[in-house]
file my_file-v9.tsv (TSV, C-alpha atoms)
chain	number	residue	atom	x	y	z
K	1077	MET	CA	-14.04	46.90	-43.57
K	1078	SER	CA	-17.55	48.27	-43.24
K	1079	ILE	CA	-20.50	45.91	-43.22
K	1080	ARG	CA	-23.36	48.27	-43.91
K	1081	SER	CA	-21.77	51.43	-45.23
K	1082	SER	CA	-22.45	52.70	-48.71
K	1083	SER	CA	-18.72	52.71	-49.45
K	1084	VAL	CA	-19.09	49.82	-51.88
K	1085	SER	CA	-20.00	51.14	-55.29
K	1086	LEU	CA	-22.51	48.83	-56.93
K	1087	GLY	CA	-23.44	48.70	-60.60
K	1088	ASN	CA	-26.29	46.78	-62.11
K	1089	PHE	CA	-27.14	43.52	-60.40
K	1090	THR	CA	-29.88	41.01	-61.11
K	1091	LEU	CA	-30.50	38.06	-58.82
K	1092	HIS	CA	-30.52	34.73	-60.68
K	1093	PRO	CA	-34.15	33.59	-61.13
K	1094	GLN	CA	-33.45	30.23	-59.48
K	1095	LEU	CA	-32.19	31.93	-56.31
K	1096	ALA	CA	-35.17	34.28	-56.43
K	1097	ALA	CA	-37.49	31.28	-56.69
K	1098	ASP	CA	-35.84	29.19	-53.96
K	1099	CYS	CA	-35.20	31.93	-51.40
K	1100	LEU	CA	-36.89	34.74	-49.50
K	1101	PRO	CA	-35.27	38.20	-49.28
K	1102	VAL	CA	-33.75	39.20	-45.93
K	1103	GLY	CA	-31.80	42.35	-46.73
K	1104	ASP	CA	-28.61	43.84	-48.08
K	1105	PHE	CA	-25.16	44.18	-46.61
K	1106	ALA	CA	-22.70	46.58	-48.26
K	1107	LEU	CA	-21.77	44.05	-50.92
K	1108	CYS	CA	-23.90	40.93	-50.46
K	1109	ARG	CA	-27.60	40.36	-50.70
K	1110	VAL	CA	-28.81	38.11	-47.88
K	1111	LEU	CA	-31.49	35.53	-48.66
K	1112	LEU	CA	-33.24	32.86	-46.60
K	1113	MET	CA	-33.56	29.48	-48.30
K	1114	ASN	CA	-37.27	28.68	-48.20
K	1115	ASN	CA	-36.77	25.34	-46.48
K	1116	ARG	CA	-37.84	25.01	-42.88
K	1117	ASN	CA	-35.83	21.81	-42.44
K	1118	PHE	CA	-32.60	23.79	-42.18
K	1119	PRO	CA	-31.98	27.41	-41.10
K	1120	TRP	CA	-30.10	28.41	-44.25
K	1121	LEU	CA	-28.92	31.77	-45.52
K	1122	VAL	CA	-27.54	32.48	-48.97
K	1123	LEU	CA	-25.23	35.44	-49.65
K	1124	VAL	CA	-24.96	36.84	-53.15
K	1125	PRO	CA	-22.30	39.48	-53.92
K	1126	LYS	CA	-24.14	42.13	-55.93
K	1127	ARG	CA	-21.87	42.07	-58.96
K	1128	GLU	CA	-22.74	40.87	-62.42
K	1129	GLY	CA	-21.01	37.96	-64.12
K	1130	LEU	CA	-19.28	36.26	-61.17
K	1131	ARG	CA	-19.12	32.50	-60.88
K	1132	GLU	CA	-16.14	31.73	-58.63
K	1133	LEU	CA	-15.11	33.35	-55.34
K	1134	PHE	CA	-11.83	34.33	-56.98
K	1135	ASP	CA	-13.73	36.16	-59.73
K	1136	LEU	CA	-14.28	38.86	-57.10
K	1137	SER	CA	-11.75	41.70	-57.10
K	1138	SER	CA	-9.34	41.56	-54.16
K	1139	GLU	CA	-11.28	44.31	-52.40
K	1140	ASP	CA	-14.67	42.69	-53.02
K	1141	TYR	CA	-13.29	39.30	-51.94
K	1142	ALA	CA	-12.13	40.73	-48.63
K	1143	GLN	CA	-15.47	42.47	-48.15
K	1144	THR	CA	-17.41	39.29	-48.98
K	1145	MET	CA	-15.32	37.31	-46.50
K	1146	THR	CA	-15.93	39.94	-43.82
K	1147	GLU	CA	-19.67	39.73	-44.46
K	1148	ILE	CA	-19.61	35.91	-44.42
K	1149	ARG	CA	-17.84	35.92	-41.07
K	1150	ARG	CA	-20.26	38.40	-39.54
K	1151	ILE	CA	-23.33	36.62	-40.87
K	1152	ALA	CA	-22.17	33.10	-39.97
K	1153	GLU	CA	-21.22	34.05	-36.43
K	1154	THR	CA	-24.45	35.97	-35.86
K	1155	PHE	CA	-26.62	33.25	-37.41
K	1156	ARG	CA	-24.99	30.58	-35.24
K	1157	VAL	CA	-25.89	32.51	-32.10
K	1158	LEU	CA	-29.42	33.22	-33.35
K	1159	THR	CA	-30.10	29.58	-34.28
K	1160	ASN	CA	-28.06	27.99	-31.47
K	1161	ALA	CA	-26.64	25.65	-34.12
K	1162	ASP	CA	-24.22	22.85	-33.31
K	1163	LYS	CA	-22.20	23.53	-36.46
K	1164	MET	CA	-22.19	26.01	-39.32
K	1165	ASN	CA	-21.72	24.78	-42.88
K	1166	ILE	CA	-20.30	27.42	-45.23
K	1167	ALA	CA	-19.92	26.65	-48.92
K	1168	ALA	CA	-19.59	28.12	-52.39
K	1169	LEU	CA	-20.57	25.35	-54.82
K	1170	GLY	CA	-22.51	26.73	-57.79
K	1171	ASN	CA	-22.57	23.57	-59.88
K	1172	ILE	CA	-26.23	24.15	-60.73
K	1173	VAL	CA	-26.90	27.89	-60.28
K	1174	PRO	CA	-24.01	29.70	-61.97
K	1175	GLN	CA	-24.36	33.06	-60.18
K	1176	LEU	CA	-21.80	33.23	-57.36
K	1177	HIS	CA	-23.54	32.55	-54.05
K	1178	ILE	CA	-22.40	31.37	-50.63
K	1179	HIS	CA	-24.41	29.04	-48.39
K	1180	VAL	CA	-24.39	29.65	-44.62
K	1181	ILE	CA	-26.31	26.81	-43.02
K	1182	ALA	CA	-27.07	26.15	-39.35
K	1183	ARG	CA	-26.77	22.45	-38.59
K	1184	TYR	CA	-27.89	20.40	-35.62
K	1185	GLU	CA	-26.76	16.98	-34.54
K	1186	ASN	CA	-30.40	15.91	-34.65
K	1187	ASP	CA	-31.37	17.46	-38.00
K	1188	ASP	CA	-32.67	15.22	-40.76
K	1189	ALA	CA	-29.46	15.17	-42.81
K	1190	TRP	CA	-26.81	15.12	-40.05
K	1191	PRO	CA	-23.91	14.48	-40.40
K	1192	ASN	CA	-24.22	14.66	-44.18
K	1193	PRO	CA	-24.32	17.96	-46.06
K	1194	VAL	CA	-27.82	19.27	-46.77
K	1195	TRP	CA	-27.52	19.05	-50.55
K	1196	ASN	CA	-28.55	15.79	-52.15
K	1197	SER	CA	-29.40	14.49	-48.68
K	1198	GLY	CA	-32.71	12.92	-49.64
K	1199	VAL	CA	-34.54	15.32	-47.29
K	1200	ALA	CA	-37.23	17.07	-49.34
K	1201	ALA	CA	-37.49	20.85	-49.02
K	1202	SER	CA	-40.42	22.09	-46.94
K	1203	ALA	CA	-41.45	25.73	-47.39
K	1204	TYR	CA	-42.01	28.03	-44.41
K	1205	SER	CA	-45.55	29.19	-43.77
K	1206	ALA	CA	-46.04	32.93	-44.36
K	1207	GLU	CA	-46.14	33.54	-40.59
K	1208	GLU	CA	-43.04	31.40	-39.93
K	1209	SER	CA	-40.96	33.13	-42.56
K	1210	ARG	CA	-42.12	36.61	-41.51
K	1211	SER	CA	-41.24	35.91	-37.90
K	1212	PHE	CA	-37.87	34.29	-38.69
K	1213	ILE	CA	-36.81	36.99	-41.14
K	1214	THR	CA	-37.70	39.67	-38.59
K	1215	LYS	CA	-35.39	37.97	-36.08
K	1216	ILE	CA	-32.60	37.56	-38.63
K	1217	ARG	CA	-32.82	41.20	-39.70
K	1218	ALA	CA	-32.67	42.35	-36.09
K	1219	ALA	CA	-29.68	40.12	-35.33
K	1220	LEU	CA	-27.81	41.31	-38.43
K	1221	GLY	CA	-28.77	44.95	-37.92
K	1222	LEU	CA	-30.63	45.07	-41.22
E	399	MET	CA	-0.91	39.52	-46.71
E	400	SER	CA	1.98	37.17	-47.29
E	401	ILE	CA	1.32	33.64	-48.46
E	402	ARG	CA	4.58	31.97	-47.64
E	403	SER	CA	6.30	34.31	-45.21
E	404	SER	CA	7.14	33.27	-41.69
E	405	SER	CA	5.25	36.28	-40.32
E	406	VAL	CA	2.52	34.06	-38.91
E	407	SER	CA	3.54	32.86	-35.48
E	408	LEU	CA	2.45	29.27	-35.02
E	409	GLY	CA	2.14	27.39	-31.76
E	410	ASN	CA	1.58	23.69	-31.36
E	411	PHE	CA	-0.54	22.07	-34.04
E	412	THR	CA	-1.54	18.46	-34.52
E	413	LEU	CA	-3.40	17.32	-37.61
E	414	HIS	CA	-6.59	15.40	-36.80
E	415	PRO	CA	-5.93	11.66	-37.32
E	416	GLN	CA	-8.90	11.32	-39.70
E	417	LEU	CA	-7.47	14.01	-41.99
E	418	ALA	CA	-4.05	12.38	-41.73
E	419	ALA	CA	-5.61	9.04	-42.73
E	420	ASP	CA	-7.72	10.37	-45.61
E	421	CYS	CA	-5.20	12.78	-47.15
E	422	LEU	CA	-1.65	13.03	-48.45
E	423	PRO	CA	0.61	15.93	-47.40
E	424	VAL	CA	1.32	18.60	-50.03
E	425	GLY	CA	3.00	21.39	-48.06
E	426	ASP	CA	2.54	24.39	-45.82
E	427	PHE	CA	1.46	27.92	-46.51
E	428	ALA	CA	2.09	30.59	-43.88
E	429	LEU	CA	-1.00	29.59	-41.90
E	430	CYS	CA	-2.60	26.58	-43.58
E	431	ARG	CA	-1.38	23.06	-44.15
E	432	VAL	CA	-2.28	21.88	-47.64
E	433	LEU	CA	-3.38	18.25	-48.09
E	434	LEU	CA	-4.50	16.21	-51.09
E	435	MET	CA	-7.57	14.05	-50.48
E	436	ASN	CA	-6.50	10.54	-51.44
E	437	ASN	CA	-9.34	10.06	-53.90
E	438	ARG	CA	-8.49	10.02	-57.58
E	439	ASN	CA	-12.14	10.53	-58.54
E	440	PHE	CA	-11.91	14.24	-57.69
E	441	PRO	CA	-8.87	16.57	-57.60
E	442	TRP	CA	-9.43	17.72	-54.03
E	443	LEU	CA	-7.30	19.80	-51.68
E	444	VAL	CA	-7.93	20.32	-47.98
E	445	LEU	CA	-6.58	23.37	-46.11
E	446	VAL	CA	-6.10	23.19	-42.37
E	447	PRO	CA	-5.20	26.37	-40.44
E	448	LYS	CA	-2.38	25.32	-38.13
E	449	ARG	CA	-4.04	26.42	-34.90
E	450	GLU	CA	-5.25	24.20	-32.10
E	451	GLY	CA	-8.87	24.01	-31.01
E	452	LEU	CA	-10.66	25.61	-33.97
E	453	ARG	CA	-13.92	24.26	-35.30
E	454	GLU	CA	-15.63	27.15	-37.12
E	455	LEU	CA	-14.15	29.63	-39.59
E	456	PHE	CA	-15.13	32.43	-37.21
E	457	ASP	CA	-13.11	30.77	-34.42
E	458	LEU	CA	-10.07	32.17	-36.25
E	459	SER	CA	-8.81	35.54	-35.02
E	460	SER	CA	-9.58	38.38	-37.42
E	461	GLU	CA	-5.98	38.35	-38.64
E	462	ASP	CA	-5.89	34.57	-39.09
E	463	TYR	CA	-9.28	34.65	-40.82
E	464	ALA	CA	-8.03	37.18	-43.36
E	465	GLN	CA	-4.86	35.14	-43.89
E	466	THR	CA	-6.83	31.92	-44.33
E	467	MET	CA	-9.12	33.60	-46.87
E	468	THR	CA	-6.09	34.92	-48.76
E	469	GLU	CA	-4.61	31.42	-48.86
E	470	ILE	CA	-7.95	29.88	-49.95
E	471	ARG	CA	-8.19	32.36	-52.82
E	472	ARG	CA	-4.64	31.73	-53.97
E	473	ILE	CA	-4.97	27.96	-53.75
E	474	ALA	CA	-8.41	27.74	-55.38
E	475	GLU	CA	-7.42	29.96	-58.30
E	476	THR	CA	-4.14	28.12	-58.86
E	477	PHE	CA	-5.73	24.68	-58.53
E	478	ARG	CA	-8.43	25.58	-61.04
E	479	VAL	CA	-5.80	26.49	-63.62
E	480	LEU	CA	-3.74	23.37	-62.84
E	481	THR	CA	-6.71	21.01	-63.10
E	482	ASN	CA	-8.58	22.89	-65.85
E	483	ALA	CA	-11.73	22.41	-63.76
E	484	ASP	CA	-15.15	23.55	-64.91
E	485	LYS	CA	-16.06	24.71	-61.38
E	486	MET	CA	-14.40	24.95	-58.00
E	487	ASN	CA	-16.32	23.84	-54.90
E	488	ILE	CA	-15.10	25.51	-51.69
E	489	ALA	CA	-16.57	24.50	-48.35
E	490	ALA	CA	-16.05	24.41	-44.61
E	491	LEU	CA	-18.40	21.74	-43.26
E	492	GLY	CA	-16.79	19.81	-40.40
E	493	ASN	CA	-19.85	17.86	-39.32
E	494	ILE	CA	-17.77	14.70	-38.99
E	495	VAL	CA	-14.14	15.79	-38.48
E	496	PRO	CA	-14.23	18.56	-35.87
E	497	GLN	CA	-10.85	20.17	-36.69
E	498	LEU	CA	-11.42	23.25	-38.87
E	499	HIS	CA	-10.63	22.39	-42.49
E	500	ILE	CA	-11.61	23.83	-45.84
E	501	HIS	CA	-12.29	21.76	-48.95
E	502	VAL	CA	-11.13	23.08	-52.34
E	503	ILE	CA	-12.40	20.69	-54.98
E	504	ALA	CA	-11.99	20.77	-58.76
E	505	ARG	CA	-15.21	19.72	-60.45
E	506	TYR	CA	-15.93	18.72	-64.04
E	507	GLU	CA	-19.24	18.58	-65.81
E	508	ASN	CA	-18.48	14.96	-66.62
E	509	ASP	CA	-17.23	13.81	-63.20
E	510	ASP	CA	-19.04	10.99	-61.44
E	511	ALA	CA	-20.95	13.17	-58.97
E	512	TRP	CA	-21.78	16.21	-61.14
E	513	PRO	CA	-23.77	18.37	-60.49
E	514	ASN	CA	-24.11	17.10	-56.92
E	515	PRO	CA	-21.52	17.87	-54.24
E	516	VAL	CA	-18.86	15.18	-53.80
E	517	TRP	CA	-19.83	14.31	-50.24
E	518	ASN	CA	-22.45	11.60	-49.82
E	519	SER	CA	-22.57	11.29	-53.61
E	520	GLY	CA	-22.52	7.51	-53.71
E	521	VAL	CA	-19.19	7.59	-55.57
E	522	ALA	CA	-16.76	5.40	-53.62
E	523	ALA	CA	-13.30	6.86	-52.89
E	524	SER	CA	-10.50	5.43	-55.01
E	525	ALA	CA	-6.94	5.92	-53.74
E	526	TYR	CA	-4.17	7.23	-56.02
E	527	SER	CA	-1.39	4.84	-56.90
E	528	ALA	CA	1.98	5.81	-55.40
E	529	GLU	CA	3.18	7.03	-58.78
E	530	GLU	CA	-0.01	8.99	-59.48
E	531	SER	CA	0.05	10.78	-56.14
E	532	ARG	CA	3.81	11.52	-56.37
E	533	SER	CA	3.37	13.01	-59.83
E	534	PHE	CA	0.26	15.02	-58.96
E	535	ILE	CA	1.68	16.38	-55.70
E	536	THR	CA	4.85	17.44	-57.52
E	537	LYS	CA	2.71	19.43	-59.96
E	538	ILE	CA	0.61	20.96	-57.19
E	539	ARG	CA	3.68	21.99	-55.20
E	540	ALA	CA	5.23	23.60	-58.27
E	541	ALA	CA	2.01	25.47	-59.09
E	542	LEU	CA	1.62	26.71	-55.52
E	543	GLY	CA	5.30	27.56	-55.13
E	544	LEU	CA	5.73	25.07	-52.29

call {"tool": "encode", "arguments": {"input": "my_file-v9.tsv", "output": "structure tokens"}}
result
Amino acid sequence: MSIRSSSVSLGNFTLHPQLAADCLPVGDFALCRVLLMNNRNFPWLVLVPKREGLRELFDLSSEDYAQTMTEIRRIAETFRVLTNADKMNIAALGNIVPQLHIHVIARYENDDAWPNPVWNSGVAASAYSAEESRSFITKIRAALGL
Amino acid sequence: MSIRSSSVSLGNFTLHPQLAADCLPVGDFALCRVLLMNNRNFPWLVLVPKREGLRELFDLSSEDYAQTMTEIRRIAETFRVLTNADKMNIAALGNIVPQLHIHVIARYENDDAWPNPVWNSGVAASAYSAEESRSFITKIRAALGL
């Protein structure tokens, strides 16, 4: 399935304001918007399928589900190489923000939350500086071909 | 792709001893073993693709990845209906147990960890009684067609 083609027909889509507040925009794959969580403690992407009214992964149509999974695989594998992570954490939780979104997080055996998950870890979020985020997003976009 | 067919050729596979200790066996899909986390606080399945030496989702071959995603979708959707959950949490973390495994967890707005993830939540695990687990696993197997 294509990653960047325009073969996916998209209707209206509005990013949830909490995701817009917490994340920085990276770019768009065919179906998913790619965001960078604005937290320099963990290299952390968030994928949001650009469909209205989805909460669960299985709310996606079969075709969109397959496309989302293809994009997750591509992004997780590429982000692991870019970040040289020890482990990738991939999760669809959505207990707080109801709009379907998928976390793709690069973890290191010496990061502040290891080996626990990053959520509810007691590690306070720390925003990127403007220069840090610009530089990192440029690298991510290049790696992902965005 | 088939869920229960024998079209997936499987080699040797050994369940990681930590997963064997923490979980109860439910059954086998074409590619994934299905386990029930032995923790009555949260209805919680664990899927383990029956391949040796995998740690990341993208370590799966393209064909196995698609099959695993098909099985995740089927199991998550069915388990949500069975448990009447408010939200499903689906995650591949693996920071502690290195064998690739996927969590499929039924969450309720009044469960002990809500809205936090179940890991590192401070809620101690509580094992099912023999009768509870037998009854629940019978229902899960029937729902999943196992």

call {"tool": "residues_around", "arguments": {"input": "my_file-v9.tsv", "residues": "K:Asn1115", "least_positions_apart": "2", "cutoff": "9 Å", "atoms": "only C-alpha atoms", "output": "PDB file with C-alpha atoms, in the coordinates of the input"}}
result
ATOM      1  CA  ASP K1098     -35.840  29.190 -53.960  1.00  0.00           C
ATOM      2  CA  CYS K1099     -35.200  31.930 -51.400  1.00  0.00           C
ATOM      3  CA  LEU K1112     -33.240  32.860 -46.600  1.00  0.00           C
ATOM      4  CA  MET K1113     -33.560  29.480 -48.300  1.00  0.00           C
ATOM      5  CA  ASN K1117     -35.830  21.810 -42.440  1.00  0.00           C
ATOM      6  CA  PHE K1118     -32.600  23.790 -42.180  1.00  0.00           C
ATOM      7  CA  PRO K1119     -31.980  27.410 -41.100  1.00  0.00           C
ATOM      8  CA  TRP K1120     -30.100  28.410 -44.250  1.00  0.00           C
ATOM      9  CA  ALA K1200     -37.230  17.070 -49.340  1.00  0.00           C
ATOM     10  CA  ALA K1201     -37.490  20.850 -49.020  1.00  0.00           C
ATOM     11  CA  SER K1202     -40.420  22.090 -46.940  1.00  0.00           C
ATOM     12  CA  ALA K1203     -41.450  25.730 -47.390  1.00  0.00           C
ATOM     13  CA  TYR K1204     -42.010  28.030 -44.410  1.00  0.00           C
TER      14      TYR K1204
END

call {"tool": "closest_residue", "arguments": {"input": "my_file-v9.tsv", "among": "E:Glu454, E:Asp426, E:Asp510, E:Asp462", "to": "chain K", "atoms": "only C-alpha atoms"}}
result
E:Glu454

call {"tool": "atom_distance", "arguments": {"input": "my_file-v9.tsv", "atom1": "atom CA of K:Pro1191", "atom2": "atom CA of E:Asn493"}}
result
5.4 Å

call {"tool": "interface_residues", "arguments": {"input": "my_file-v9.tsv", "of": "chain E", "to": "chain K", "cutoff": "6 Å", "atoms": "only C-alpha atoms", "output": "number ranges by chain"}}
result
E: 456, 471, 487-491, 493, 513

call {"tool": "closest_residue", "arguments": {"input": "my_file-v9.tsv", "among": "E:Leu417, E:Ala504, E:Gln465, E:His499", "to": "E:Asn482", "atoms": "only C-alpha atoms"}}
result
E:Ala504

call {"tool": "residues_near_point", "arguments": {"input": "my_file-v9.tsv", "point": "(-2.9, 17.4, -36.4)", "cutoff": "9 Å", "atoms": "only C-alpha atoms", "output": "PyMOL selection string"}}
result
chain E and resi 411-415+417-418+446+448+450+497

call {"tool": "write_last_selection", "arguments": {"input": "my_file-v9.tsv", "atoms": "C-alpha atoms", "output": "short mmCIF file (atom, residue, chain, number, x, y, z; two decimals), keeping the file's coordinate frame"}}
result
data_model
loop_
_atom_site.label_atom_id
_atom_site.label_comp_id
_atom_site.auth_asym_id
_atom_site.auth_seq_id
_atom_site.Cartn_x
_atom_site.Cartn_y
_atom_site.Cartn_z
CA PHE E 411 -0.54 22.07 -34.04
CA THR E 412 -1.54 18.46 -34.52
CA LEU E 413 -3.40 17.32 -37.61
CA HIS E 414 -6.59 15.40 -36.80
CA PRO E 415 -5.93 11.66 -37.32
CA LEU E 417 -7.47 14.01 -41.99
CA ALA E 418 -4.05 12.38 -41.73
CA VAL E 446 -6.10 23.19 -42.37
CA LYS E 448 -2.38 25.32 -38.13
CA GLU E 450 -5.25 24.20 -32.10
CA GLN E 497 -10.85 20.17 -36.69
#

call {"tool": "axis_aligned_box", "arguments": {"input": "my_file-v9.tsv", "around": "stretch 475-494 of chain E", "padding_each_side": "6 Å", "output": "JSON"}}
result
{"center_x": -11.8, "center_y": 22.3, "center_z": -52.4, "size_x": 28.1, "size_y": 27.3, "size_z": 38.9}

call {"tool": "atom_distance", "arguments": {"input": "my_file-v9.tsv", "atom1": "atom CA of K:Arg1116", "atom2": "atom CA of K:Ser1209"}}
result
8.7 Å

call {"tool": "atom_distance", "arguments": {"input": "my_file-v9.tsv", "atom1": "atom CA of K:Cys1108", "atom2": "atom CA of E:Thr476"}}
result
25.0 Å

call {"tool": "residues_near_point", "arguments": {"input": "my_file-v9.tsv", "point": "(-0.5, 27.5, -36.6)", "cutoff": "7 Å", "atoms": "only C-alpha atoms", "output": "PyMOL selection string"}}
result
chain E and resi 407-411+429+447-449

call {"tool": "closest_residue", "arguments": {"input": "my_file-v9.tsv", "among": "E:Leu422, E:Val432, E:Ile538, E:Phe427", "to": "E:Phe477", "atoms": "only C-alpha atoms"}}
result
E:Ile538

call {"tool": "decode", "arguments": {"input": "my_file-v9.tsv", "residues": "stretch 490-504 of chain E", "atoms": "N, CA, C and O atoms", "output": "tab-separated table (two decimals), in the first residue's frame"}}
result
chain	number	residue	atom	x	y	z
E	490	ALA	N	2.35	-2.35	22.15
E	490	ALA	CA	3.55	-3.19	22.10
E	490	ALA	C	4.66	-2.39	22.76
E	490	ALA	O	5.14	-1.40	22.19
E	491	LEU	N	5.03	-2.78	23.96
E	491	LEU	CA	6.05	-2.05	24.72
E	491	LEU	C	7.32	-2.89	24.77
E	491	LEU	O	8.27	-2.64	24.08
E	492	GLY	N	7.34	-3.92	25.64
E	492	GLY	CA	8.47	-4.86	25.61
E	492	GLY	C	9.75	-4.31	26.21
E	492	GLY	O	10.84	-4.76	25.87
E	493	ASN	N	9.64	-3.33	27.10
E	493	ASN	CA	10.85	-2.81	27.74
E	493	ASN	C	11.41	-3.81	28.75
E	493	ASN	O	12.60	-3.79	29.05
E	494	ILE	N	10.55	-4.65	29.29
E	494	ILE	CA	10.98	-5.58	30.33
E	494	ILE	C	11.08	-7.00	29.78
E	494	ILE	O	12.10	-7.67	29.94
E	495	VAL	N	10.02	-7.49	29.16
E	495	VAL	CA	10.03	-8.83	28.55
E	495	VAL	C	10.38	-8.67	27.07
E	495	VAL	O	9.62	-8.05	26.32
E	496	PRO	N	11.53	-9.18	26.65
E	496	PRO	CA	12.00	-8.87	25.29
E	496	PRO	C	11.25	-9.58	24.18
E	496	PRO	O	11.31	-9.15	23.03
E	497	GLN	N	10.54	-10.67	24.46
E	497	GLN	CA	9.81	-11.36	23.38
E	497	GLN	C	8.63	-10.50	22.90
E	497	GLN	O	7.82	-10.07	23.73
E	498	LEU	N	8.54	-10.29	21.59
E	498	LEU	CA	7.47	-9.45	21.05
E	498	LEU	C	6.10	-9.92	21.54
E	498	LEU	O	5.75	-11.09	21.39
E	499	HIS	N	5.36	-9.00	22.14
E	499	HIS	CA	4.00	-9.32	22.60
E	499	HIS	C	3.18	-8.04	22.55
E	499	HIS	O	3.71	-6.94	22.70
E	500	ILE	N	1.88	-8.21	22.34
E	500	ILE	CA	0.99	-7.06	22.19
E	500	ILE	C	-0.11	-7.16	23.25
E	500	ILE	O	-0.77	-8.19	23.39
E	501	HIS	N	-0.27	-6.07	24.00
E	501	HIS	CA	-1.30	-6.00	25.02
E	501	HIS	C	-2.61	-5.53	24.42
E	501	HIS	O	-2.63	-4.56	23.66
E	502	VAL	N	-3.70	-6.18	24.78
E	502	VAL	CA	-5.06	-5.75	24.38
E	502	VAL	C	-5.88	-5.73	25.66
E	502	VAL	O	-6.26	-6.78	26.19
E	503	ILE	N	-6.13	-4.52	26.16
E	503	ILE	CA	-6.65	-4.36	27.51
E	503	ILE	C	-8.00	-3.65	27.48
E	503	ILE	O	-8.13	-2.59	26.87
E	504	ALA	N	-8.97	-4.22	28.16
E	504	ALA	CA	-10.30	-3.60	28.26
E	504	ALA	C	-10.29	-2.64	29.45
E	504	ALA	O	-9.99	-3.03	30.58
